[in-house]
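Each remark here refers to the structure printed beneath this line.
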Amino acid sequence: MRAVDYVPVRSVEEAVAVLAEHGDRAAPLAGGTDLIAQLKEGHRSIDLIVDVKPIPELMELSYDPAAGLWIGGAVPCHRISRSQVVRRHYPALLDSTTLIGGIQIQGRASLGGNVCNASPAADSVPNLIAHSATCHVAGPQGTRTIPLEAFFVGPGQTVLRPGEFLVGFRLPVPPAHFGAAYLRFIPRNEMDIAVVGAGASVVLSPDGQTVQAARIALGAVAPTPLYVPEAGQALVGQPVTEESIARAAQIARDAARPITDMRGTVAQRKHLAGVLTARALRIAIDRARGTKTVDSLGRLNGHA
Amino acid sequence: MRAVGSSLPRVDAVEKVTGRAPYPGDVDLPGQAWMKIVYAGVPHARILRVDVDRARAMPGVIAVLTAADVPVNEYGLIMPDQPVLCGPGSTPQAEYVRWEADHVALVVAETPEQAQAAADQVRIEYQELPVVTDPLAAMEPDAPILHPFDFPYPYGERDRRSNVLLEYHIRHGDIQAGFAQADVIVEAEYRTHAAEHAYLQPEAGLAHVRDDGRIEVIVAGQWMHEDQEQIAHALGLPRERIVVRYPAIGGAFGGREDMSVQIVLALAAWKTGRPVKIVWSREESIVGHHKRHPFIIRAKWGATREGKVVAARMDLISDAGAYAYTSTKVLGNATLMCLGPYEIPNAWVDARTVYTNNCPSGAFRGFGAPQAHFAAEGQMNRLAQALGMDPVEIRRRNVLREGSILATGSPVPPGCTALQVLEEAARWWLPERAVAVQGAGSRPTVEGGAPAQHSPEGNPARRLEPGRPERPNGLFQTSLDASRRRVARGRGLALCFKNVGFSLGFPEHCHAWVELHGGAEIERARVGCVGAEVGQGAHTAMVQIAAEVLGLEPERIELVAEDTDVTGSSGSSSASRMTFMAGNAIQGAAERALARWRDEERPARAEFVFRPRPTTPYDPETGASDPNITYGYCAQVADVEVDLETGHITVKRLVSVNDVGKAVNPQQVEGQIEGAVAQSVGWTLLEHFVQEEGRALTRHLSTYLIPGVVDVVEEIVPVILELPDPQGPLGVRGMAEMPFIPTAPAIAAAVQDAVGIWMDELPLTPERVWRALREAGKAPVP
């Protein structure tokens with residue numbers, strides 16, 4: 001690994017100034033679980049690491065009953081998965097923050113890093129989309145907010161302009177009778193890159209029998225994380241039945257545009273997009289009805 | 001206290017868990033330089049020119065060595081068919097590269113970064129040659145020939161115009177008459193894949209020229225004296241000029257049986273006069289050492305209505321890769337073991353190992369037996385199903401017993417316990433399942449994932465401590481497991497045998513000495529034996545056996561094992577042989593030392609070379625031989641769940657019944673069983689070394705997936721039998737490879753039981769299982 005300079009920054013303004021000055025020769029550092037590996041392997045070349053962890057907003061995890069959840073871009077997964085607020089209101093976040101990497105990785109890795117790395121297979125993205133997250137970005141021209149589903153351009157590419165960086169995410173307060181889930185398929189049971197990922201959220205009628213709103217997003221089936229609004233739309237106003245779940249899963253499967261690579265084939269990935277969508281929807285529905293809870297390790301209870 | 005039979009702490013435990021034990025990469029010497037190897041990067045080419053001028057001019061560079069610098073530019077464990085460095089300037093054979101990881105140049109510099117920077121400046125001019133990666137294609141008449149040059153070949157005449165490195169044949173009984181007697185015949189083609197050892201410690205080492213002028217190589221290997229021999233041969237030096245020293249070794253599994261950095265380190269230290277160090281990255285390790293042999297096995301077996309196997313015809317092809325390594329020896333094992341641990345009166349085996357431009361294949365735990373048994377046990381399970389017979393019962397009717405005649409015409413060595421191992425496994429198989437298994441595929445599809453509980457009642461041989469907590473169900477359940485609605489469950493069984501020690505006429509032996517110190521009483525003993533401690537616990541076992549024979553507390557035994565000067569060869573830490581061989585050698589030396597002690601010699605010292613009963617090579621036409629010293633036996637019962645929507649297989653429980661003769665250290669025996677099962681589950685379900693056009697695609701542990709803690713079987717039940725091997729020290733039987741061997745066929749049988757599909761190609765990845773389910777119309781729509 002080539003020697004690289006390091007500078008910690010203490011405010012958003014300072015970060016913007018340093019990043020704007022050095023352009024693409026600098027990169028923000030949060031947990032470093034992608035960046036450091038990429039530098040070591042020679043997949044990326046920069047001169048300056050800009051450590052954004054000293055910026056208070058970047059490490060802030062807070063909930064406001066009006067504004068919702070703020071997740072600073074550098075907050076590590078383990079803090080998110082241990083948050084009682086997250087457990088209560090944002091269950092799909094718990095799913096993804098307990099399955100990214102392994103325990104050591106979760107101690108460092110941040111959602112900001114996972115999103116800005118812009119892998120089509122990023123585990124945090126489908127559920128952040130399911131939770132209607134928006135990205136808060138700061139740059140030389142000031143700040144702007146971007147819906148997460150509009151953040152990605154291609155593999156490794158985002159809408160961030162030169163000098164801009166991701167400050168954090170805002171997730172709205174979930175309505176009543178809301179449930180969400182994220183599932184990932186890998187050949188083994190932990191520490192791997194998704195063959196397919198699926199995030200789903202639902203809002204049910206007070207009696208839990210009808211879907212009032214739904215959002216479905218997929219990972220690893222397109223050049224970017226894929227929001228499939230038509231799959232969620234197909235559920236709106238529908239009774240909660242296996243048939244309606246299967247229809248939404250079918251739409252998600254048809255929307256998937258995967259490639260064949262070492263991790264999976266086109267046919268397998270399309271199939272899994274349907275399987276995982278259906279399963280994630282069932283869990284989201286159970287959570288919306290309050291029939292399933294999540295234990296201290298983020299695993300599902302309430303199953304036989 | 002008796003030393004043998006106690007789960008004493010390992011002699012190296014404290015050093016290893018505190019991080020004090022030096023592994024090869026931890027060893028440094030003042031003034032050391034660093035080496036970087038320049039790899040070929042292409043799988044088949046003639047090297048026209050190697051331009052090192054720019055590299056030599058780079059900062060910090062001490063030397064850049066090429067083929068012309070190697071005194072005897074060839075090496076190989078069985079035959080010297082591999083150049084140390086490829087390129088012009090030595091032999092015609094060395095002008096060619098046949099493997100992407102062939103070594104072309106060595107760059108020695110002051111720092112690792114300088115060595116890397118200079119290595120990047122070495123320019124190699126190639127004339128590329130056609131690449132052959134399929135062993136079947138490599139046997140076609142127009143295939144590119146990888147080894148058209150002569151080299152010393154230990155099996156008679158080699159056809160230099162063929163890529164077939166060696167053929168073996170067994171002709172036993174009358175195969176046509178055998179099939180004529182059969183009421184059922186089952187045929188299948190089995191395919192197994194290349195796999196990586198993935199030991200914790202990537203290759204590393206340090207070599208230097210000592211004050212006495214000898215070259216010392218500090219490295220991790222499996223067989224010190226063979227490393228010494230191969231280094232000396234390539235350097236054109238007498239063996240005595242080389243000292244090989246093993247510090248702590250981070251795993252081996254057969255992957256360190258062939259040379260990696262040994263020769264090049266010695267060469268660089270000798271040529272530069274500097275201590276030279278190298279540490280391979282994980283990628284260099286994965287790409288740069290051999291793999292488990294892929295096999296294609298075509299099988300046709302026939303049995304009578306009564307379940308007696310009357311004919312077995314097997315055709316084996318193994319992919320040797322670019323160089324011989326131990327391919328011929330692995331083939332020798334597979335040739336016999338593809339018939340399983342059964343007495344089959346009429347057998348016909350054709351086995352070939354074939355050069356290709358793939359990564360060389362070589363030793364890996366089981367040494368051909370896992371591949372061979374995947375076919376043999378698959379055939380046995382198919383026959384059971386075809387006959388509507390219980391898988392245990394059909395084995396009972398064919399299994400090797402004391403005095404059984406092998407297909408090589410010789411009796412199985414005394415102490416054959418295959419039947420006892422099978423009968424113990426039968427207790428875990430549960431007889432009532434004999435009915436259920438008839439309608440394979442009829443296992444009920446269940447809702448949810450609650451695992452069934454099975455355990456035999458009051459099993460005296462089960463060495464688990466009473467009250468040992470089982471893993472709570474669902475501890476390892478992932479959210480995806482928990483989301484399953486449709487799973488199928490199945491149970492499968494397989495049996496195996498595996499040779500202990502080297503086979504087919506190899507002059508097996510092991511050196512040891514024992515030195516007794518004290519006055520009236522023996523106060524302490526020193527034991528010299530250089531069997532490699534590769535992490536398996538060999539040194540602890542040696543100390544325990546010495547303590548037992550000498551009647552001393554283990555604390556009073558000092559084991560001397562560090563380098564080739566200690567004593568003669570102990571042979572390789574492989575073939576499940578080290579405790580068996582070193583135990584016999586130490587026992588012999590200890591008994592002789594005790595006799596001298598009684599004759600009042602002080603200190604009393606004795607050396608002993610253990611030589612087991614000789615074996616004989618296969619007859620080239622018929623395979624007639626007395627192939628092996630002795631065998632170990634293992635049977636396993638696997639319980640699986642198949643996710644019908646994703647094809648993902650979960651092994652819920654795996655019972656492994658192992659006859660170990662005498663458990664020198666029961667805890668370590670359990671550790672070997674659990675480790676073997678974990679490794680074999682990886683091979684069966686996950687691990688797949690993928691190569692395309694002679695280039696490795698799975699070059700990192702992010703793409704070469706080994707099982708993690710949550711992927712290993714939820715419950716491994718190690719069942720230890722102690723039926724003495726009459727040739728073993730204190731009854732010890734080799735055991736380290738055996739629990740690897742039945743895992744794949746037991747899991748495949750369990751999958752078949754669950755979903756009614758025979759999966760004959762490994763690994764059983766979710767994608768393959770799902771595809772098979774879909775093709776069989778058994779994959780439900782979500």
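The way I read the labels, and the way they are meant: chains A, B, ... in the order of the structure tokens, residue 1 as the first residue of every chain, and ligand 1 as the first ligand shown, with later ones counted on from there.
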Taking only C-alpha atoms into account, produce a table as JSON lines in which each residue of chain A with an atom at most 8 Å from an atom of chain B appears once, together with its shortest atom pair and the distance in Å to one decimal, ordered by chain and rising number.
{"residue": "A:Asp95", "atom": "CA", "partner": "B:Ser479", "partner_atom": "CA", "distance": 7.9}
{"residue": "A:Leu183", "atom": "CA", "partner": "B:Leu480", "partner_atom": "CA", "distance": 6.2}
{"residue": "A:Arg184", "atom": "CA", "partner": "B:Leu480", "partner_atom": "CA", "distance": 7.0}
{"residue": "A:Phe185", "atom": "CA", "partner": "B:Leu480", "partner_atom": "CA", "distance": 7.2}
{"residue": "A:Pro187", "atom": "CA", "partner": "B:Pro766", "partner_atom": "CA", "distance": 6.3}
{"residue": "A:Arg188", "atom": "CA", "partner": "B:Asp711", "partner_atom": "CA", "distance": 6.1}
{"residue": "A:Asn189", "atom": "CA", "partner": "B:Asp711", "partner_atom": "CA", "distance": 5.9}
{"residue": "A:Glu190", "atom": "CA", "partner": "B:Val710", "partner_atom": "CA", "distance": 7.2}
{"residue": "A:Asp192", "atom": "CA", "partner": "B:Ser702", "partner_atom": "CA", "distance": 6.9}
{"residue": "A:Ala246", "atom": "CA", "partner": "B:Pro782", "partner_atom": "CA", "distance": 6.6}
{"residue": "A:Ala249", "atom": "CA", "partner": "B:Pro782", "partner_atom": "CA", "distance": 7.8}
{"residue": "A:Met262", "atom": "CA", "partner": "B:Thr703", "partner_atom": "CA", "distance": 7.8}
{"residue": "A:Arg263", "atom": "CA", "partner": "B:Thr703", "partner_atom": "CA", "distance": 8.0}
{"residue": "A:Gly264", "atom": "CA", "partner": "B:Glu767", "partner_atom": "CA", "distance": 7.3}
{"residue": "A:Gln268", "atom": "CA", "partner": "B:Glu767", "partner_atom": "CA", "distance": 6.6}
{"residue": "A:Leu272", "atom": "CA", "partner": "B:Thr646", "partner_atom": "CA", "distance": 7.0}
{"residue": "A:Gly274", "atom": "CA", "partner": "B:Pro782", "partner_atom": "CA", "distance": 6.8}
{"residue": "A:Val275", "atom": "CA", "partner": "B:Pro782", "partner_atom": "CA", "distance": 5.3}
{"residue": "A:Ala278", "atom": "CA", "partner": "B:Pro782", "partner_atom": "CA", "distance": 6.7}
{"residue": "A:Arg279", "atom": "CA", "partner": "B:Ser483", "partner_atom": "CA", "distance": 6.0}
{"residue": "A:Ala280", "atom": "CA", "partner": "B:Ser483", "partner_atom": "CA", "distance": 7.9}
{"residue": "A:Ile283", "atom": "CA", "partner": "B:Ser483", "partner_atom": "CA", "distance": 7.5}
{"residue": "A:Arg299", "atom": "CA", "partner": "B:Ser479", "partner_atom": "CA", "distance": 5.8}
{"residue": "A:Leu300", "atom": "CA", "partner": "B:Ser479", "partner_atom": "CA", "distance": 6.3}
{"residue": "A:His303", "atom": "CA", "partner": "B:Ala482", "partner_atom": "CA", "distance": 7.0}
{"residue": "A:Ala304", "atom": "CA", "partner": "B:Gly448", "partner_atom": "CA", "distance": 5.7}
Shell around Arg598 in chain B at 12 Å using only C-alpha atoms, local window under 6 positions removed, as a PyMOL selection string: chain B and resi 516+519-522+591-592+604-605
Write a file of the selected residues as a PDB file, in the first residue's frame, keeping C-alpha atoms.
ATOM      1  CA  LEU B 516      17.059 -41.051  29.791  1.00  0.00           C
ATOM      2  CA  GLY B 519      20.621 -41.385  38.855  1.00  0.00           C
ATOM      3  CA  ALA B 520      18.746 -44.082  40.731  1.00  0.00           C
ATOM      4  CA  GLU B 521      15.473 -42.995  39.139  1.00  0.00           C
ATOM      5  CA  ILE B 522      14.782 -41.622  35.700  1.00  0.00           C
ATOM      6  CA  GLU B 591      11.989 -49.699  25.197  1.00  0.00           C
ATOM      7  CA  ARG B 592      15.591 -49.967  24.055  1.00  0.00           C
ATOM      8  CA  ALA B 604      20.782 -44.186  28.600  1.00  0.00           C
ATOM      9  CA  ARG B 605      20.265 -43.485  24.923  1.00  0.00           C
TER      10      ARG B 605
END
From a backbone DSSP assignment, name each residue in range 61-129 of chain A labelled alpha helix (DSSP H), as number ranges by chain. A: 77-81, 84-89, 91-97, 103-106, 111-117, 125-129
Could you give me, as a PDB file with C-alpha atoms, in the first residue's frame, the residues within 6 Å of Ala231 in chain A, counting only C-alpha atoms and dropping anything in the same chain fewer than 2 positions from it?
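Contents of the output file part26.pdb:
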ATOM      1  CA  VAL A 228     -39.374  -1.323  -7.736  1.00  0.00           C
ATOM      2  CA  PRO A 229     -42.287   1.068  -7.080  1.00  0.00           C
ATOM      3  CA  GLN A 233     -48.076  -0.255  -5.910  1.00  0.00           C
ATOM      4  CA  ALA A 234     -49.571  -3.618  -6.863  1.00  0.00           C
ATOM      5  CA  ALA A 248     -45.770  -8.383  -5.956  1.00  0.00           C
ATOM      6  CA  ILE A 251     -43.347  -7.970 -10.445  1.00  0.00           C
ATOM      7  CA  ALA A 252     -40.093  -7.699  -8.497  1.00  0.00           C
TER       8      ALA A 252
END
For a quick check of understanding, using only C-alpha atoms, which of A:Gly163, A:Ala150, A:Pro54, A:Ile105 has the smallest distance to Glu21 in chain A?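 Checking each of A:Gly163, A:Ala150, A:Pro54, A:Ile105 against Glu21 in chain A, counting only C-alpha atoms, the winner is A:Gly163.
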If we count only C-alpha atoms and set the cut-off at 10 Å, which residues sit around range 82-89 of chain B, ignoring sequence neighbours fewer than 4 positions away in its own chain? Please answer as a ChimeraX atom specification. /B:37-40,46-50,65-77,93-98,102-106,124-126,147,151,234-235,259-260,263-264,267,322-325
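Distances from B:Gln544, B:Gln114, B:Ser569, B:Ser162 to Trp223 in chain B were compared using only C-alpha atoms, and the smallest one belongs to B:Ser569.
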Backbone DSSP call of strand (DSSP E) for range 587-653 of chain B, listed as a compact mmCIF listing (two decimals) with all heavy atoms, in the first residue's frame:
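Here's the written file part_39.txt:
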# COMPACT_ATOMS: atom_id res chain seq x y z
N ALA B 604 21.04 -43.04 29.47
CA ALA B 604 20.78 -44.19 28.60
C ALA B 604 20.15 -43.67 27.31
O ALA B 604 19.16 -42.95 27.35
CB ALA B 604 19.85 -45.17 29.31
N ARG B 605 20.76 -44.04 26.20
CA ARG B 605 20.26 -43.49 24.92
C ARG B 605 20.09 -44.61 23.93
O ARG B 605 20.91 -45.52 23.85
CB ARG B 605 21.29 -42.48 24.38
CG ARG B 605 20.80 -41.69 23.18
CD ARG B 605 21.83 -40.63 22.77
NE ARG B 605 21.25 -39.56 21.98
CZ ARG B 605 21.04 -39.64 20.68
NH1 ARG B 605 21.35 -40.74 20.01
NH2 ARG B 605 20.51 -38.60 20.02
N ALA B 606 19.01 -44.55 23.19
CA ALA B 606 18.80 -45.54 22.14
C ALA B 606 18.11 -44.89 20.96
O ALA B 606 17.28 -43.99 21.12
CB ALA B 606 17.94 -46.69 22.66
N GLU B 607 18.48 -45.33 19.78
CA GLU B 607 17.81 -44.88 18.56
C GLU B 607 17.05 -46.04 17.98
O GLU B 607 17.42 -47.20 18.19
CB GLU B 607 18.84 -44.39 17.53
CG GLU B 607 19.58 -43.17 17.97
CD GLU B 607 20.13 -42.37 16.80
OE1 GLU B 607 19.43 -42.28 15.76
OE2 GLU B 607 21.25 -41.88 16.95
N PHE B 608 16.00 -45.71 17.27
CA PHE B 608 15.23 -46.78 16.65
C PHE B 608 14.62 -46.25 15.35
O PHE B 608 14.18 -45.10 15.27
CB PHE B 608 14.11 -47.24 17.59
CG PHE B 608 13.32 -48.41 17.06
CD1 PHE B 608 13.91 -49.66 16.88
CD2 PHE B 608 11.97 -48.26 16.73
CE1 PHE B 608 13.17 -50.73 16.38
CE2 PHE B 608 11.23 -49.33 16.23
CZ PHE B 608 11.83 -50.56 16.06
N VAL B 609 14.65 -47.09 14.35
CA VAL B 609 13.97 -46.76 13.10
C VAL B 609 12.84 -47.76 12.94
O VAL B 609 13.08 -48.96 12.80
CB VAL B 609 14.92 -46.84 11.88
CG1 VAL B 609 14.19 -46.39 10.63
CG2 VAL B 609 16.17 -46.00 12.12
N PHE B 610 11.62 -47.25 12.98
CA PHE B 610 10.47 -48.12 12.79
C PHE B 610 10.24 -48.33 11.30
O PHE B 610 10.17 -47.37 10.54
CB PHE B 610 9.23 -47.52 13.44
CG PHE B 610 7.98 -48.31 13.12
CD1 PHE B 610 7.82 -49.62 13.59
CD2 PHE B 610 6.97 -47.77 12.32
CE1 PHE B 610 6.68 -50.36 13.28
CE2 PHE B 610 5.83 -48.51 12.02
CZ PHE B 610 5.69 -49.80 12.49
N THR B 630 -1.96 -50.65 6.64
CA THR B 630 -3.19 -50.86 7.42
C THR B 630 -4.17 -49.77 7.05
O THR B 630 -3.86 -48.88 6.25
CB THR B 630 -2.87 -50.85 8.94
OG1 THR B 630 -4.05 -51.18 9.66
CG2 THR B 630 -2.34 -49.50 9.40
N TYR B 631 -5.38 -49.89 7.61
CA TYR B 631 -6.43 -48.92 7.28
C TYR B 631 -7.11 -48.40 8.53
O TYR B 631 -7.10 -49.02 9.59
CB TYR B 631 -7.52 -49.58 6.40
CG TYR B 631 -7.01 -50.07 5.07
CD1 TYR B 631 -6.60 -51.39 4.90
CD2 TYR B 631 -6.92 -49.20 3.99
CE1 TYR B 631 -6.11 -51.82 3.67
CE2 TYR B 631 -6.44 -49.64 2.75
CZ TYR B 631 -6.03 -50.95 2.61
OH TYR B 631 -5.55 -51.37 1.40
N GLY B 632 -7.73 -47.22 8.37
CA GLY B 632 -8.67 -46.70 9.36
C GLY B 632 -10.05 -46.71 8.75
O GLY B 632 -10.21 -46.68 7.52
N TYR B 633 -11.08 -46.72 9.62
CA TYR B 633 -12.46 -46.84 9.15
C TYR B 633 -13.34 -45.79 9.81
O TYR B 633 -13.15 -45.45 10.98
CB TYR B 633 -13.01 -48.24 9.47
CG TYR B 633 -12.13 -49.34 8.90
CD1 TYR B 633 -11.10 -49.90 9.66
CD2 TYR B 633 -12.30 -49.78 7.60
CE1 TYR B 633 -10.27 -50.88 9.15
CE2 TYR B 633 -11.48 -50.77 7.07
CZ TYR B 633 -10.45 -51.32 7.85
OH TYR B 633 -9.63 -52.28 7.32
N CYS B 634 -14.29 -45.28 9.05
CA CYS B 634 -15.17 -44.23 9.56
C CYS B 634 -16.52 -44.34 8.87
O CYS B 634 -16.58 -44.65 7.67
CB CYS B 634 -14.55 -42.86 9.30
SG CYS B 634 -15.60 -41.46 9.77
N ALA B 635 -17.58 -44.12 9.61
CA ALA B 635 -18.94 -44.06 9.04
C ALA B 635 -19.62 -42.82 9.56
O ALA B 635 -19.38 -42.39 10.69
CB ALA B 635 -19.74 -45.30 9.43
N GLN B 636 -20.45 -42.22 8.72
CA GLN B 636 -21.14 -41.00 9.13
C GLN B 636 -22.62 -41.05 8.75
O GLN B 636 -22.99 -41.65 7.74
CB GLN B 636 -20.48 -39.77 8.50
CG GLN B 636 -19.07 -39.57 9.03
CD GLN B 636 -18.36 -38.36 8.46
OE1 GLN B 636 -18.76 -37.82 7.43
NE2 GLN B 636 -17.30 -37.94 9.14
N VAL B 637 -23.41 -40.40 9.58
CA VAL B 637 -24.84 -40.23 9.33
C VAL B 637 -25.11 -38.74 9.32
O VAL B 637 -24.82 -38.04 10.29
CB VAL B 637 -25.68 -40.92 10.42
CG1 VAL B 637 -27.17 -40.69 10.17
CG2 VAL B 637 -25.36 -42.41 10.49
N ALA B 638 -25.65 -38.26 8.19
CA ALA B 638 -25.90 -36.82 8.04
C ALA B 638 -27.40 -36.55 8.00
O ALA B 638 -28.14 -37.26 7.32
CB ALA B 638 -25.25 -36.30 6.76
N ASP B 639 -27.82 -35.53 8.73
CA ASP B 639 -29.20 -35.04 8.66
C ASP B 639 -29.18 -33.66 8.01
O ASP B 639 -28.46 -32.78 8.48
CB ASP B 639 -29.80 -34.90 10.06
CG ASP B 639 -30.11 -36.25 10.69
OD1 ASP B 639 -29.87 -37.27 10.02
OD2 ASP B 639 -30.59 -36.28 11.83
N VAL B 640 -29.95 -33.50 6.95
CA VAL B 640 -29.94 -32.21 6.26
C VAL B 640 -31.35 -31.65 6.14
O VAL B 640 -32.34 -32.38 6.23
CB VAL B 640 -29.33 -32.31 4.84
CG1 VAL B 640 -27.95 -32.92 4.88
CG2 VAL B 640 -30.24 -33.07 3.90
N GLU B 641 -31.38 -30.34 5.91
CA GLU B 641 -32.60 -29.68 5.48
C GLU B 641 -32.30 -28.96 4.17
O GLU B 641 -31.26 -28.30 4.06
CB GLU B 641 -33.06 -28.64 6.50
CG GLU B 641 -33.80 -29.23 7.68
CD GLU B 641 -34.31 -28.17 8.64
OE1 GLU B 641 -34.22 -26.97 8.33
OE2 GLU B 641 -34.77 -28.58 9.71
N VAL B 642 -33.20 -29.09 3.22
CA VAL B 642 -33.05 -28.40 1.95
C VAL B 642 -34.14 -27.35 1.85
O VAL B 642 -35.33 -27.67 2.00
CB VAL B 642 -33.16 -29.38 0.76
CG1 VAL B 642 -32.95 -28.65 -0.56
CG2 VAL B 642 -32.18 -30.53 0.91
N ASP B 643 -33.72 -26.11 1.64
CA ASP B 643 -34.68 -25.03 1.39
C ASP B 643 -35.17 -25.21 -0.05
O ASP B 643 -34.40 -25.04 -1.00
CB ASP B 643 -33.96 -23.69 1.58
CG ASP B 643 -34.88 -22.49 1.42
OD1 ASP B 643 -35.87 -22.59 0.66
OD2 ASP B 643 -34.60 -21.45 2.04
N ILE B 649 -28.67 -25.83 1.44
CA ILE B 649 -28.64 -27.02 2.29
C ILE B 649 -28.09 -26.64 3.65
O ILE B 649 -27.03 -26.00 3.75
CB ILE B 649 -27.75 -28.12 1.67
CG1 ILE B 649 -28.36 -28.60 0.35
CG2 ILE B 649 -27.57 -29.30 2.63
CD1 ILE B 649 -27.43 -29.49 -0.46
N THR B 650 -28.77 -27.08 4.70
CA THR B 650 -28.26 -26.93 6.05
C THR B 650 -28.02 -28.33 6.61
O THR B 650 -28.93 -29.16 6.56
CB THR B 650 -29.27 -26.20 6.96
OG1 THR B 650 -29.62 -24.97 6.33
CG2 THR B 650 -28.68 -25.92 8.33
N VAL B 651 -26.81 -28.58 7.11
CA VAL B 651 -26.55 -29.86 7.76
C VAL B 651 -26.88 -29.68 9.23
O VAL B 651 -26.23 -28.92 9.94
CB VAL B 651 -25.10 -30.33 7.56
CG1 VAL B 651 -24.91 -31.70 8.19
CG2 VAL B 651 -24.76 -30.36 6.08
N LYS B 652 -27.93 -30.36 9.66
CA LYS B 652 -28.40 -30.17 11.03
C LYS B 652 -27.55 -30.96 12.02
O LYS B 652 -27.27 -30.50 13.11
CB LYS B 652 -29.87 -30.61 11.16
CG LYS B 652 -30.81 -29.95 10.17
CD LYS B 652 -30.89 -28.46 10.35
CE LYS B 652 -31.69 -28.07 11.58
NZ LYS B 652 -31.84 -26.60 11.67
N ARG B 653 -27.24 -32.17 11.64
CA ARG B 653 -26.45 -32.99 12.55
C ARG B 653 -25.59 -33.95 11.72
O ARG B 653 -26.03 -34.42 10.66
CB ARG B 653 -27.35 -33.80 13.47
CG ARG B 653 -26.55 -34.45 14.61
CD ARG B 653 -27.41 -35.33 15.48
NE ARG B 653 -27.74 -36.57 14.80
CZ ARG B 653 -28.34 -37.60 15.40
NH1 ARG B 653 -28.67 -37.53 16.66
NH2 ARG B 653 -28.61 -38.69 14.71
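Reported to one decimal place, the separation of CA of Ile36 in chain A from CA of His136 in chain A is 24.0 Å.
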Ile344 in chain B surroundings by only C-alpha atoms, 7 Å radius, close-in-sequence under 5 positions cut, as a list in words: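 Here the qualifying residues turn out to be Val309, Val310, Ala311 and Ala407 of chain B.
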Would you pick out the contacts of Ala138 in chain A at 12 Å or less, using only C-alpha atoms, so that residues sharing its chain but fewer than 4 positions from it are not included, and give the list as a list in words? Ser11, Val12, Glu13, Glu14, Ala15, Val16, Ala17, Leu19, Ala20, Glu57, Leu58, Gly73, Gly142, Thr143, Arg144, Thr145, Ile146, Leu160, Arg161, Pro162, Gly163, Glu164, Phe165, Leu166, Val167 and Gly168 of chain A
Compile the contact shell of Pro413 in chain B as a VMD selection string: residues with an atom at most 10 Å away, counting only C-alpha atoms, same-chain residues fewer than 3 positions apart removed. chain B and resid 401 to 406 410 416 626 to 631 725 to 727
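Distances to Pro206 in chain A were evaluated for A:Arg289, A:Arg282, A:Arg25, A:Arg253 using only C-alpha atoms, and the minimum falls at A:Arg289.
Going from CA of Ala33 in chain B to CA of Ala119 in chain B covers 14.4 Å.
Take the candidates B:Leu764, B:Ala746, B:Val17, B:Ile242 and check each one against Trp683 in chain B using only C-alpha atoms; the shortest distance goes to B:Leu764.
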